[in-house]
>>> print(open('input08.txt').read())   # compact mmCIF, C-alpha atoms and all ligand atoms
# COMPACT_ATOMS: atom_id res chain seq x y z
CA MET N 170 14.56 -19.01 -36.56
CA LEU N 171 12.55 -18.79 -33.37
CA PRO N 172 13.33 -21.34 -30.65
CA ASN N 173 10.64 -23.80 -29.53
CA PHE N 174 8.49 -22.67 -26.63
CA ARG N 175 5.07 -23.22 -25.08
CA TYR N 176 2.54 -20.44 -25.58
CA VAL N 177 -0.35 -19.64 -23.25
CA HIS N 178 -2.94 -16.86 -23.05
CA ALA N 179 -3.58 -15.51 -19.56
CA LYS N 180 -7.11 -14.27 -18.88
CA SER N 181 -6.22 -12.24 -15.79
CA VAL N 182 -3.21 -10.63 -14.15
CA LYS N 183 -3.40 -13.29 -11.44
CA GLU N 184 -3.18 -16.04 -14.04
CA ALA N 185 -0.28 -14.31 -15.84
CA VAL N 186 1.65 -13.97 -12.58
CA LYS N 187 1.01 -17.65 -11.83
CA HIS N 188 2.43 -18.67 -15.22
CA LEU N 189 5.46 -16.49 -14.65
CA SER N 190 6.44 -18.53 -11.62
CA ASP N 191 7.45 -21.31 -14.05
CA ARG N 192 11.12 -21.17 -14.97
CA GLY N 193 11.99 -19.64 -18.35
CA THR N 194 8.64 -17.88 -18.81
CA ARG N 195 8.38 -14.40 -20.30
CA VAL N 196 5.59 -11.91 -20.91
CA HIS N 197 4.40 -11.41 -24.49
CA ALA N 198 2.53 -8.14 -25.06
CA GLY N 199 2.74 -6.78 -28.64
CA GLY N 200 5.81 -8.89 -29.40
CA THR N 201 7.58 -6.18 -31.43
CA ASP N 202 10.70 -6.34 -29.27
CA LEU N 203 10.40 -9.77 -27.69
CA LEU N 204 10.13 -11.76 -30.92
CA GLY N 205 13.17 -10.00 -32.40
CA CYS N 206 15.19 -10.91 -29.30
CA LEU N 207 14.11 -14.55 -29.53
CA HIS N 208 14.76 -14.66 -33.26
CA ASP N 209 18.27 -13.27 -32.71
CA HIS N 210 18.93 -15.63 -29.76
CA VAL N 211 19.60 -12.75 -27.39
CA PHE N 212 17.99 -14.94 -24.74
CA GLY N 213 16.01 -18.16 -24.68
CA VAL N 214 12.54 -18.93 -23.39
CA GLN N 215 10.60 -22.04 -22.40
CA LYS N 216 7.14 -20.52 -22.20
CA LEU N 217 5.54 -17.28 -23.35
CA VAL N 218 2.53 -15.96 -21.51
CA SER N 219 0.45 -13.66 -23.68
CA ILE N 220 -1.23 -10.87 -21.74
CA SER N 221 -3.00 -9.43 -24.80
CA ARG N 222 -6.47 -10.71 -23.78
CA ILE N 223 -6.40 -9.30 -20.25
CA LYS N 224 -9.10 -6.62 -20.27
CA GLU N 225 -7.96 -4.95 -17.02
CA LEU N 226 -4.65 -4.02 -18.71
CA GLN N 227 -6.32 -1.99 -21.45
CA GLY N 228 -7.52 1.57 -21.85
CA ILE N 229 -6.64 5.16 -21.02
CA THR N 230 -8.88 6.83 -18.43
CA GLU N 231 -8.97 9.97 -16.35
CA THR N 232 -8.78 9.30 -12.61
CA ALA N 233 -11.11 10.84 -10.03
CA LYS N 234 -8.29 13.16 -8.92
CA GLY N 235 -7.67 14.52 -12.44
CA GLY N 236 -4.69 12.34 -13.32
CA VAL N 237 -4.62 9.58 -15.92
CA ARG N 238 -4.33 5.80 -15.78
CA ILE N 239 -2.88 4.08 -18.84
CA GLY N 240 -3.23 0.29 -19.01
CA ALA N 241 0.05 -1.47 -19.79
CA LEU N 242 -1.55 -2.84 -22.97
CA ALA N 243 -2.48 0.58 -24.36
CA THR N 244 -0.71 0.78 -27.69
CA ILE N 245 1.81 3.52 -28.43
CA THR N 246 -0.63 4.81 -31.08
CA GLU N 247 -3.41 5.04 -28.49
CA VAL N 248 -1.11 7.08 -26.24
CA ALA N 249 0.00 9.32 -29.11
CA GLU N 250 -3.56 9.93 -30.31
CA SER N 251 -5.44 10.13 -27.00
CA ARG N 252 -7.20 13.50 -26.69
CA LEU N 253 -6.86 13.28 -22.92
CA ILE N 254 -3.08 12.78 -23.10
CA LYS N 255 -2.68 15.48 -25.74
CA ARG N 256 -4.60 17.94 -23.56
CA LEU N 257 -2.97 17.16 -20.21
CA TYR N 258 0.50 15.89 -21.14
CA PRO N 259 1.38 16.98 -24.69
CA GLY N 260 5.03 15.98 -24.14
CA LEU N 261 3.99 12.35 -23.64
CA ALA N 262 1.80 12.35 -26.76
CA GLN N 263 4.72 13.86 -28.69
CA ALA N 264 7.17 11.23 -27.37
CA ALA N 265 4.78 8.39 -28.26
CA SER N 266 4.33 9.77 -31.78
CA GLU N 267 8.13 9.73 -32.21
CA VAL N 268 8.42 6.00 -31.41
CA ALA N 269 9.42 3.71 -34.30
CA SER N 270 7.00 3.47 -37.25
CA PRO N 271 3.17 3.56 -37.50
CA GLN N 272 3.00 -0.25 -37.69
CA LEU N 273 5.17 -0.68 -34.61
CA ARG N 274 3.20 1.97 -32.73
CA ASN N 275 -0.04 0.14 -33.58
CA GLN N 276 1.30 -3.17 -32.29
CA GLY N 277 3.68 -2.12 -29.49
CA THR N 278 2.32 -1.38 -26.04
CA LEU N 279 3.32 1.22 -23.47
CA GLY N 280 4.19 -1.50 -20.93
CA GLY N 281 6.40 -3.20 -23.53
CA ASN N 282 8.02 0.10 -24.45
CA LEU N 283 9.13 0.57 -20.84
CA CYS N 284 10.36 -3.03 -20.55
CA GLN N 285 12.05 -3.39 -23.95
CA LYS N 286 15.63 -4.65 -24.18
CA PRO N 287 18.51 -2.39 -25.20
CA ARG N 288 19.39 -1.95 -28.85
CA CYS N 289 23.18 -2.25 -28.54
CA TRP N 290 24.50 -4.15 -31.56
CA TYR N 291 26.90 -6.15 -29.40
CA TYR N 292 24.11 -7.19 -27.03
CA ARG N 293 21.80 -8.04 -29.94
CA GLY N 294 24.61 -9.71 -31.87
CA GLU N 295 26.73 -12.76 -31.20
CA PHE N 296 28.83 -11.19 -28.47
CA HIS N 297 28.89 -12.59 -24.96
CA CYS N 298 28.89 -9.13 -23.44
CA VAL N 299 28.55 -8.16 -19.79
CA ARG N 300 24.77 -7.76 -20.18
CA LYS N 301 24.58 -11.41 -21.24
CA GLY N 302 26.75 -12.56 -18.35
CA GLY N 303 30.14 -12.04 -20.02
CA ASP N 304 33.00 -10.06 -18.59
CA ARG N 305 33.28 -7.03 -20.86
CA CYS N 306 31.46 -4.37 -22.81
CA PHE N 307 32.58 -4.55 -26.42
CA ALA N 308 31.57 -0.93 -27.02
CA VAL N 309 34.59 0.17 -24.98
CA GLY N 310 37.23 0.65 -27.65
CA GLY N 311 34.75 -0.68 -30.22
CA GLU N 312 31.95 0.68 -32.39
CA ASN N 313 30.46 3.01 -29.81
CA GLN N 314 28.87 5.69 -31.99
CA PHE N 315 25.39 4.96 -30.57
CA HIS N 316 26.44 4.40 -26.97
CA CYS N 317 26.16 6.49 -23.85
CA ILE N 318 27.94 9.64 -22.73
CA PHE N 319 26.50 9.58 -19.20
CA GLY N 320 26.11 6.83 -16.61
CA GLY N 321 28.18 4.11 -18.29
CA GLU N 322 29.57 1.59 -15.84
CA MET N 323 30.48 -1.92 -16.97
CA CYS N 324 27.88 -1.61 -19.78
CA TYR N 325 27.49 1.44 -22.05
CA ILE N 326 24.09 1.02 -23.67
CA VAL N 327 21.61 3.81 -24.12
CA HIS N 328 18.08 3.36 -22.92
CA PRO N 329 15.89 2.86 -26.02
CA SER N 330 12.50 4.15 -24.87
CA ASP N 331 11.14 7.54 -25.93
CA THR N 332 8.17 7.35 -23.59
CA ALA N 333 10.18 6.68 -20.40
CA PRO N 334 11.83 10.14 -20.23
CA ALA N 335 8.53 11.81 -21.11
CA LEU N 336 6.77 9.89 -18.31
CA SER N 337 9.62 10.66 -15.90
CA VAL N 338 9.38 14.45 -16.27
CA LEU N 339 5.66 14.14 -15.53
CA LYS N 340 6.35 12.19 -12.31
CA ALA N 341 4.47 9.14 -13.58
CA SER N 342 4.58 5.80 -11.78
CA VAL N 343 4.20 2.20 -12.84
CA LYS N 344 1.95 -0.22 -11.00
CA ILE N 345 3.49 -3.65 -10.76
CA SER N 346 1.79 -6.93 -9.82
CA GLY N 347 3.57 -10.05 -8.73
CA PRO N 348 3.46 -13.06 -6.43
CA GLY N 349 3.75 -10.78 -3.38
CA GLY N 350 0.90 -8.44 -4.41
CA SER N 351 1.21 -5.07 -6.08
CA ARG N 352 3.46 -2.06 -5.66
CA ILE N 353 3.93 1.34 -7.24
CA VAL N 354 7.30 2.56 -8.47
CA PRO N 355 8.10 5.99 -9.97
CA VAL N 356 9.09 5.64 -13.64
CA GLU N 357 12.28 7.55 -12.85
CA THR N 358 13.49 4.72 -10.60
CA PHE N 359 11.96 1.85 -12.60
CA HIS N 360 15.03 1.39 -14.83
CA MET N 361 18.22 0.08 -13.31
CA PRO N 362 21.65 1.57 -14.02
CA PRO N 363 24.17 -1.03 -15.20
CA GLY N 364 26.37 -0.50 -12.13
CA ALA N 365 23.60 -2.00 -9.98
CA ASP N 366 23.32 -5.14 -12.14
CA PRO N 367 24.28 -5.06 -15.83
CA GLN N 368 21.97 -7.98 -16.62
CA ARG N 369 18.80 -6.21 -15.51
CA GLU N 370 17.09 -3.26 -17.15
CA THR N 371 14.27 -2.74 -14.65
CA VAL N 372 13.44 -3.28 -11.00
CA LEU N 373 10.89 -5.98 -11.96
CA GLU N 374 11.45 -9.08 -9.83
CA PRO N 375 10.83 -12.59 -11.19
CA GLY N 376 7.10 -13.13 -11.68
CA GLU N 377 6.22 -9.43 -11.77
CA ILE N 378 4.46 -7.55 -14.56
CA VAL N 379 3.64 -3.92 -15.21
CA THR N 380 -0.12 -3.49 -15.09
CA GLU N 381 -0.61 0.25 -15.46
CA ILE N 382 1.08 3.60 -15.75
CA LEU N 383 -0.24 6.36 -13.51
CA LEU N 384 0.12 10.06 -14.22
CA PRO N 385 -0.57 12.63 -11.49
CA PRO N 386 -2.81 15.61 -12.30
CA PRO N 387 -0.68 18.23 -14.07
CA VAL N 388 0.14 21.32 -11.97
CA PRO N 389 -1.64 24.45 -13.31
CA GLY N 390 0.11 25.90 -16.34
CA LEU N 391 2.43 22.92 -16.78
CA ARG N 392 3.98 22.75 -20.25
CA SER N 393 5.61 19.58 -21.45
CA SER N 394 7.44 18.62 -24.60
CA TYR N 395 9.69 15.96 -26.11
CA ARG N 396 12.40 16.47 -28.69
CA LYS N 397 14.19 13.60 -30.40
CA VAL N 398 17.07 13.68 -32.85
CA ARG N 399 17.68 10.57 -34.91
CA ALA N 400 19.88 9.70 -37.86
CA ARG N 401 16.97 9.52 -40.33
CA ARG N 402 13.37 10.67 -40.42
CA ALA N 403 12.09 7.10 -40.86
CA TRP N 404 11.90 4.89 -37.74
CA ASP N 405 14.99 5.15 -35.63
CA PHE N 406 16.04 5.38 -32.01
CA ALA N 407 17.14 8.64 -30.39
CA LEU N 408 20.74 9.77 -30.85
CA ALA N 409 19.87 12.39 -28.26
CA GLY N 410 16.57 13.64 -26.94
CA MET N 411 15.03 15.68 -24.20
CA ALA N 412 11.79 15.53 -22.26
CA LEU N 413 10.89 18.76 -20.55
CA ALA N 414 8.21 19.82 -18.07
CA LEU N 415 8.10 23.49 -17.15
CA GLN N 416 5.92 25.80 -15.17
CA LEU N 417 6.39 29.52 -15.75
CA GLU N 418 5.32 32.27 -13.38
CA GLU N 419 5.51 35.90 -14.46
CA GLY N 420 7.93 34.93 -17.22
CA ALA N 421 10.34 33.04 -14.96
CA VAL N 422 10.71 29.28 -14.54
CA ARG N 423 9.00 28.16 -11.34
CA HIS N 424 9.23 24.39 -11.82
CA ALA N 425 11.41 22.36 -14.20
CA ARG N 426 12.10 18.71 -14.82
CA VAL N 427 14.43 17.52 -17.55
CA PHE N 428 15.22 13.97 -18.66
CA PHE N 429 17.40 13.01 -21.63
CA SER N 430 16.99 10.08 -24.00
CA GLY N 431 19.64 8.47 -26.19
CA VAL N 432 22.61 9.45 -24.03
CA ALA N 433 22.56 7.15 -20.95
CA PRO N 434 21.69 3.57 -19.95
CA VAL N 435 18.58 4.85 -18.17
CA PRO N 436 16.38 7.90 -18.82
CA TRP N 437 18.84 10.51 -17.57
CA ARG N 438 17.72 13.28 -15.27
CA SER N 439 19.63 16.50 -15.85
CA ARG N 440 19.54 18.36 -12.57
CA GLU N 441 22.23 20.58 -14.10
CA VAL N 442 19.83 21.91 -16.74
CA GLU N 443 17.01 22.18 -14.21
CA GLU N 444 19.22 24.29 -11.92
CA ALA N 445 20.41 26.43 -14.83
CA ILE N 446 16.86 27.51 -15.70
CA LEU N 447 15.04 27.50 -12.34
CA GLY N 448 13.97 30.99 -11.31
CA LYS N 449 15.28 32.42 -14.59
CA ARG N 450 13.72 34.07 -17.62
CA LEU N 451 14.35 31.99 -20.73
CA ASP N 452 16.53 34.55 -22.46
CA ARG N 453 19.61 33.93 -24.61
CA GLU N 454 21.99 33.94 -21.63
CA THR N 455 19.94 31.32 -19.74
CA LEU N 456 19.67 29.12 -22.84
CA THR N 457 23.43 29.20 -23.37
CA LYS N 458 24.05 28.33 -19.72
CA ALA N 459 21.49 25.51 -19.87
CA ALA N 460 23.21 24.06 -22.95
CA GLU N 461 26.61 24.18 -21.23
CA ALA N 462 25.14 22.61 -18.09
CA ALA N 463 23.57 19.80 -20.14
CA VAL N 464 26.92 18.23 -21.02
CA ARG N 465 28.72 18.80 -17.72
CA GLY N 466 30.21 15.49 -16.61
CA ALA N 467 29.65 13.81 -19.99
CA GLU N 468 32.16 11.09 -20.91
CA PRO N 469 32.07 10.41 -24.65
CA MET N 470 33.65 7.16 -25.80
CA GLY N 471 35.53 8.15 -28.95
CA LYS N 472 33.04 7.57 -31.75
CA ASN N 473 30.09 9.23 -30.05
CA ASP N 474 31.73 12.60 -29.31
CA TYR N 475 29.21 14.21 -31.68
CA LYS N 476 26.57 13.70 -28.99
CA ILE N 477 28.07 16.61 -27.00
CA PRO N 478 27.26 19.41 -29.49
CA LEU N 479 24.08 17.57 -30.49
CA LEU N 480 22.74 17.46 -26.93
CA LYS N 481 23.65 21.11 -26.36
CA ALA N 482 21.74 22.09 -29.48
CA VAL N 483 18.71 19.99 -28.47
CA VAL N 484 18.59 21.63 -25.03
CA GLU N 485 19.02 25.16 -26.30
CA GLU N 486 16.47 24.81 -29.06
CA GLU N 487 13.85 22.89 -27.13
CA ILE N 488 13.80 25.22 -24.16
CA SER N 489 13.59 28.24 -26.44
CA LEU N 490 10.48 26.78 -28.10
CA LEU N 491 8.44 26.44 -24.91
C1 LIG N 501 12.42 -1.51 -35.76
C2 LIG N 501 12.08 -0.99 -34.39
C3 LIG N 501 12.22 0.37 -34.13
C4 LIG N 501 11.90 0.87 -32.87
N1 LIG N 501 12.06 2.21 -32.62
C5 LIG N 501 11.76 2.69 -31.38
C6 LIG N 501 11.90 4.07 -31.08
O1 LIG N 501 12.30 4.87 -31.91
N2 LIG N 501 11.59 4.47 -29.82
C7 LIG N 501 11.13 3.62 -28.86
O2 LIG N 501 10.84 4.05 -27.75
N3 LIG N 501 10.98 2.32 -29.13
C8 LIG N 501 11.28 1.85 -30.35
N4 LIG N 501 11.12 0.52 -30.63
C9 LIG N 501 10.70 -0.35 -29.56
C10 LIG N 501 9.20 -0.52 -29.56
O3 LIG N 501 8.59 0.64 -29.17
C11 LIG N 501 8.95 -1.62 -28.59
O4 LIG N 501 9.32 -2.78 -29.29
C12 LIG N 501 7.52 -1.76 -28.15
O5 LIG N 501 7.08 -0.62 -27.48
C13 LIG N 501 7.45 -2.92 -27.21
O6 LIG N 501 6.09 -3.17 -26.94
P1 LIG N 501 5.49 -4.62 -27.15
O7 LIG N 501 4.13 -4.56 -26.60
O8 LIG N 501 5.62 -5.07 -28.55
O9 LIG N 501 6.45 -5.44 -26.19
P2 LIG N 501 6.95 -6.94 -26.32
O10 LIG N 501 7.85 -7.10 -27.48
O11 LIG N 501 5.81 -7.90 -26.21
O12 LIG N 501 7.80 -7.02 -24.98
C14 LIG N 501 9.01 -6.31 -24.83
C15 LIG N 501 9.66 -6.74 -23.53
O13 LIG N 501 8.93 -6.26 -22.43
C16 LIG N 501 8.40 -7.34 -21.65
N5 LIG N 501 7.02 -6.89 -21.33
C17 LIG N 501 6.08 -6.49 -22.21
N6 LIG N 501 4.99 -6.05 -21.54
C18 LIG N 501 5.27 -6.20 -20.23
C19 LIG N 501 4.54 -5.93 -19.04
N7 LIG N 501 3.30 -5.39 -19.07
N8 LIG N 501 5.12 -6.19 -17.86
C20 LIG N 501 6.37 -6.72 -17.81
N9 LIG N 501 7.12 -7.02 -18.90
C21 LIG N 501 6.56 -6.73 -20.10
C22 LIG N 501 8.48 -8.57 -22.52
O14 LIG N 501 8.63 -9.74 -21.76
C23 LIG N 501 9.72 -8.26 -23.35
O15 LIG N 501 10.89 -8.57 -22.65
C24 LIG N 501 11.41 0.00 -31.87
C25 LIG N 501 11.26 -1.36 -32.14
C26 LIG N 501 11.58 -1.85 -33.38
C27 LIG N 501 11.41 -3.33 -33.65
>>> encode(input="input08.txt", output="structure tokens", more="lines below")
Ligand SMILES: Cc1cc2nc3c(=O)[nH]c(=O)nc-3n(C[C@H](O)[C@H](O)[C@H](O)COP(=O)(O)OP(=O)(O)OC[C@H]3O[C@@H](n4cnc5c(N)ncnc54)[C@H](O)[C@@H]3O)c2cc1C
Amino acid sequence: MLPNFRYVHAKSVKEAVKHLSDRGTRVHAGGTDLLGCLHDHVFGVQKLVSISRIKELQGITETAKGGVRIGALATITEVAESRLIKRLYPGLAQAASEVASPQLRNQGTLGGNLCQKPRCWYYRGEFHCVRKGGDRCFAVGGENQFHCIFGGEMCYIVHPSDTAPALSVLKASVKISGPGGSRIVPVETFHMPPGADPQRETVLEPGEIVTEILLPPPVPGLRSSYRKVRARRAWDFALAGMALALQLEEGAVRHARVFFSGVAPVPWRSREVEEAILGKRLDRETLTKAAEAAVRGAEPMGKNDYKIPLLKAVVEEEISLL
């Protein structure tokens, strides 16, 4: 059952931010993640502020400089089906089309996808884990088959979003508004590693909301892609995935950015893979080295060891397809 709470519709970002200054208030966008959390008593709430009627948070438009602005309320379907996104950033369109199910993509927003809570069954269940203010992560020595192999520290979740790694390789930023005005943060530093504070997923301060996502103009010849492996073809989160942005020059890699999904508490940049392919032709030897580099430093937890060969296969195959 849902707890009791007040519900208000904000008509502007300013009004939403004002509501958020009241204790126990949370943003309600599409509700696909938030209502599940409230239903499962992951956290409580005193007031929900709906941002769904704020016009300035909608739409996908090309900027004067040739980049793209996506309103935080753009649905995942809009992102997946936008002709502009498909043309300029196919990897992002691909990632959006891999999110959840058609119904969830129609209802869920891009802002909500970046701010969603982790899917760890201990966190979502009746366990007072470190992310809820407890003193341990139950995945350590527990049922950790869907947990991280990189970046675990105190808490061993994996970051659930498919769009965040795809946005990160494209050097996208989020625009945030709050009581102190607005600021712009690169998507790749928007999510917080658990070591910094295991109870926070993002750098959002109290009272702040994401208003838009900004993509820079793609460099000439940029190719981007997203590959996700999940346990079943129906809706499911990534067991391992890879967002890739590459620029080739005379057959060799001139520019490369690689972020993984499903293997770390935040979208995980693999400088190791980037270094393994930079300046190289994408031949068999380079692909093998890139796959080896992908898992360097990985620390599987016992029941998620399968993520090592899985990630290697994802890297090798995805790079070979570009
Ligand atoms: C069954 C299921 C399967 C799923 N599978 C996948 C998957 O495979 N891949 C994937 O990436 N995602 C998956 N998701 C997550 C889904 O994509 C998100 O639930 C959705 O994108 C969240 O968007 P929303 O608008 O519904 O957010 P809401 O549920 O309204 O909000 C989610 C959270 O973000 C906060 N929030 C929302 N908008 C803002 C904003 N603009 N500024 C600040 N805070 C904000 C809310 O307060 C809340 O804490 C799945 C979800 C479900 C329920």
>>> closest_residue(input="input08.txt", among="N:Phe307, N:Phe212, N:Phe315, N:Tyr291", to="ligand LIG 501 (chain N)", atoms="all atoms listed in the file")
N:Phe212
>>> residues_around(input="input08.txt", residues="Ile345 (chain N)", least_positions_apart="3", cutoff="12 Å", atoms="all atoms listed in the file", output="PDB file with C-alpha atoms, in the frame of the given file")
ATOM      1  CA  VAL N 182      -3.210 -10.630 -14.150  1.00  0.00           C
ATOM      2  CA  LYS N 183      -3.400 -13.290 -11.440  1.00  0.00           C
ATOM      3  CA  VAL N 186       1.650 -13.970 -12.580  1.00  0.00           C
ATOM      4  CA  LEU N 226      -4.650  -4.020 -18.710  1.00  0.00           C
ATOM      5  CA  GLY N 240      -3.230   0.290 -19.010  1.00  0.00           C
ATOM      6  CA  ALA N 241       0.050  -1.470 -19.790  1.00  0.00           C
ATOM      7  CA  GLY N 280       4.190  -1.500 -20.930  1.00  0.00           C
ATOM      8  CA  CYS N 284      10.360  -3.030 -20.550  1.00  0.00           C
ATOM      9  CA  SER N 342       4.580   5.800 -11.780  1.00  0.00           C
ATOM     10  CA  PRO N 348       3.460 -13.060  -6.430  1.00  0.00           C
ATOM     11  CA  GLY N 349       3.750 -10.780  -3.380  1.00  0.00           C
ATOM     12  CA  GLY N 350       0.900  -8.440  -4.410  1.00  0.00           C
ATOM     13  CA  SER N 351       1.210  -5.070  -6.080  1.00  0.00           C
ATOM     14  CA  ARG N 352       3.460  -2.060  -5.660  1.00  0.00           C
ATOM     15  CA  ILE N 353       3.930   1.340  -7.240  1.00  0.00           C
ATOM     16  CA  VAL N 354       7.300   2.560  -8.470  1.00  0.00           C
ATOM     17  CA  PRO N 355       8.100   5.990  -9.970  1.00  0.00           C
ATOM     18  CA  VAL N 356       9.090   5.640 -13.640  1.00  0.00           C
ATOM     19  CA  PHE N 359      11.960   1.850 -12.600  1.00  0.00           C
ATOM     20  CA  THR N 371      14.270  -2.740 -14.650  1.00  0.00           C
ATOM     21  CA  VAL N 372      13.440  -3.280 -11.000  1.00  0.00           C
ATOM     22  CA  LEU N 373      10.890  -5.980 -11.960  1.00  0.00           C
ATOM     23  CA  GLU N 374      11.450  -9.080  -9.830  1.00  0.00           C
ATOM     24  CA  PRO N 375      10.830 -12.590 -11.190  1.00  0.00           C
ATOM     25  CA  GLY N 376       7.100 -13.130 -11.680  1.00  0.00           C
ATOM     26  CA  GLU N 377       6.220  -9.430 -11.770  1.00  0.00           C
ATOM     27  CA  ILE N 378       4.460  -7.550 -14.560  1.00  0.00           C
ATOM     28  CA  VAL N 379       3.640  -3.920 -15.210  1.00  0.00           C
ATOM     29  CA  THR N 380      -0.120  -3.490 -15.090  1.00  0.00           C
ATOM     30  CA  GLU N 381      -0.610   0.250 -15.460  1.00  0.00           C
ATOM     31  CA  ILE N 382       1.080   3.600 -15.750  1.00  0.00           C
ATOM     32  CA  LEU N 383      -0.240   6.360 -13.510  1.00  0.00           C
TER      33      LEU N 383
END
>>> closest_residue(input="input08.txt", among="N:Leu273, N:Ile254, N:Ala262, N:Ala460", to="Asp405 (chain N)", atoms="all atoms listed in the file")
N:Leu273
>>> residues_near_ligand(input="input08.txt", ligand="ligand LIG 501 (chain N)", cutoff="8 Å", atoms="only C-alpha atoms and all ligand atoms", output="ChimeraX atom specification")
/N:195-205,220,241-242,244-245,265,267-270,273-274,276-286,329-333,345,373,377-381,404-407
>>> residues_around(input="input08.txt", residues="Asp304 (chain N)", least_positions_apart="3", cutoff="12 Å", atoms="all atoms listed in the file", output="PyMOL selection string")
chain N and resi 296-301+307+323-324+367-368
>>> closest_residue(input="input08.txt", among="N:Arg192, N:Lys476, N:His210, N:Lys458", to="Val432 (chain N)", atoms="all atoms listed in the file")
N:Lys476
>>> atom_distance(input="input08.txt", atom1="CA of Val398 (chain N)", atom2="CA of Arg293 (chain N)")
22.4 Å
>>> closest_residue(input="input08.txt", among="N:Gly228, N:Gly471, N:Gly294, N:Pro434", to="Met361 (chain N)", atoms="all atoms listed in the file")
N:Pro434
>>> residues_near_point(input="input08.txt", point="(30.8, 8.8, -21.3)", cutoff="7 Å", atoms="all atoms listed in the file", output="PyMOL selection string")
chain N and resi 317-321+467-470
>>> write_last_selection(input="input08.txt", atoms="C-alpha atoms", output="mmCIF file, in the coordinates of the input")
data_model
loop_
_atom_site.group_PDB
_atom_site.id
_atom_site.type_symbol
_atom_site.label_atom_id
_atom_site.label_comp_id
_atom_site.auth_asym_id
_atom_site.auth_seq_id
_atom_site.Cartn_x
_atom_site.Cartn_y
_atom_site.Cartn_z
ATOM 1 C CA CYS N 317 26.160 6.490 -23.850
ATOM 2 C CA ILE N 318 27.940 9.640 -22.730
ATOM 3 C CA PHE N 319 26.500 9.580 -19.200
ATOM 4 C CA GLY N 320 26.110 6.830 -16.610
ATOM 5 C CA GLY N 321 28.180 4.110 -18.290
ATOM 6 C CA ALA N 467 29.650 13.810 -19.990
ATOM 7 C CA GLU N 468 32.160 11.090 -20.910
ATOM 8 C CA PRO N 469 32.070 10.410 -24.650
ATOM 9 C CA MET N 470 33.650 7.160 -25.800
#
>>> atom_distance(input="input08.txt", atom1="CA of Ala425 (chain N)", atom2="CA of Thr232 (chain N)")
24.1 Å
>>> atom_distance(input="input08.txt", atom1="CA of Pro386 (chain N)", atom2="CA of Leu257 (chain N)")
8.1 Å
>>> closest_residue(input="input08.txt", among="N:Leu479, N:Val327, N:His208, N:Gly213", to="Ala308 (chain N)", atoms="all atoms listed in the file")
N:Val327
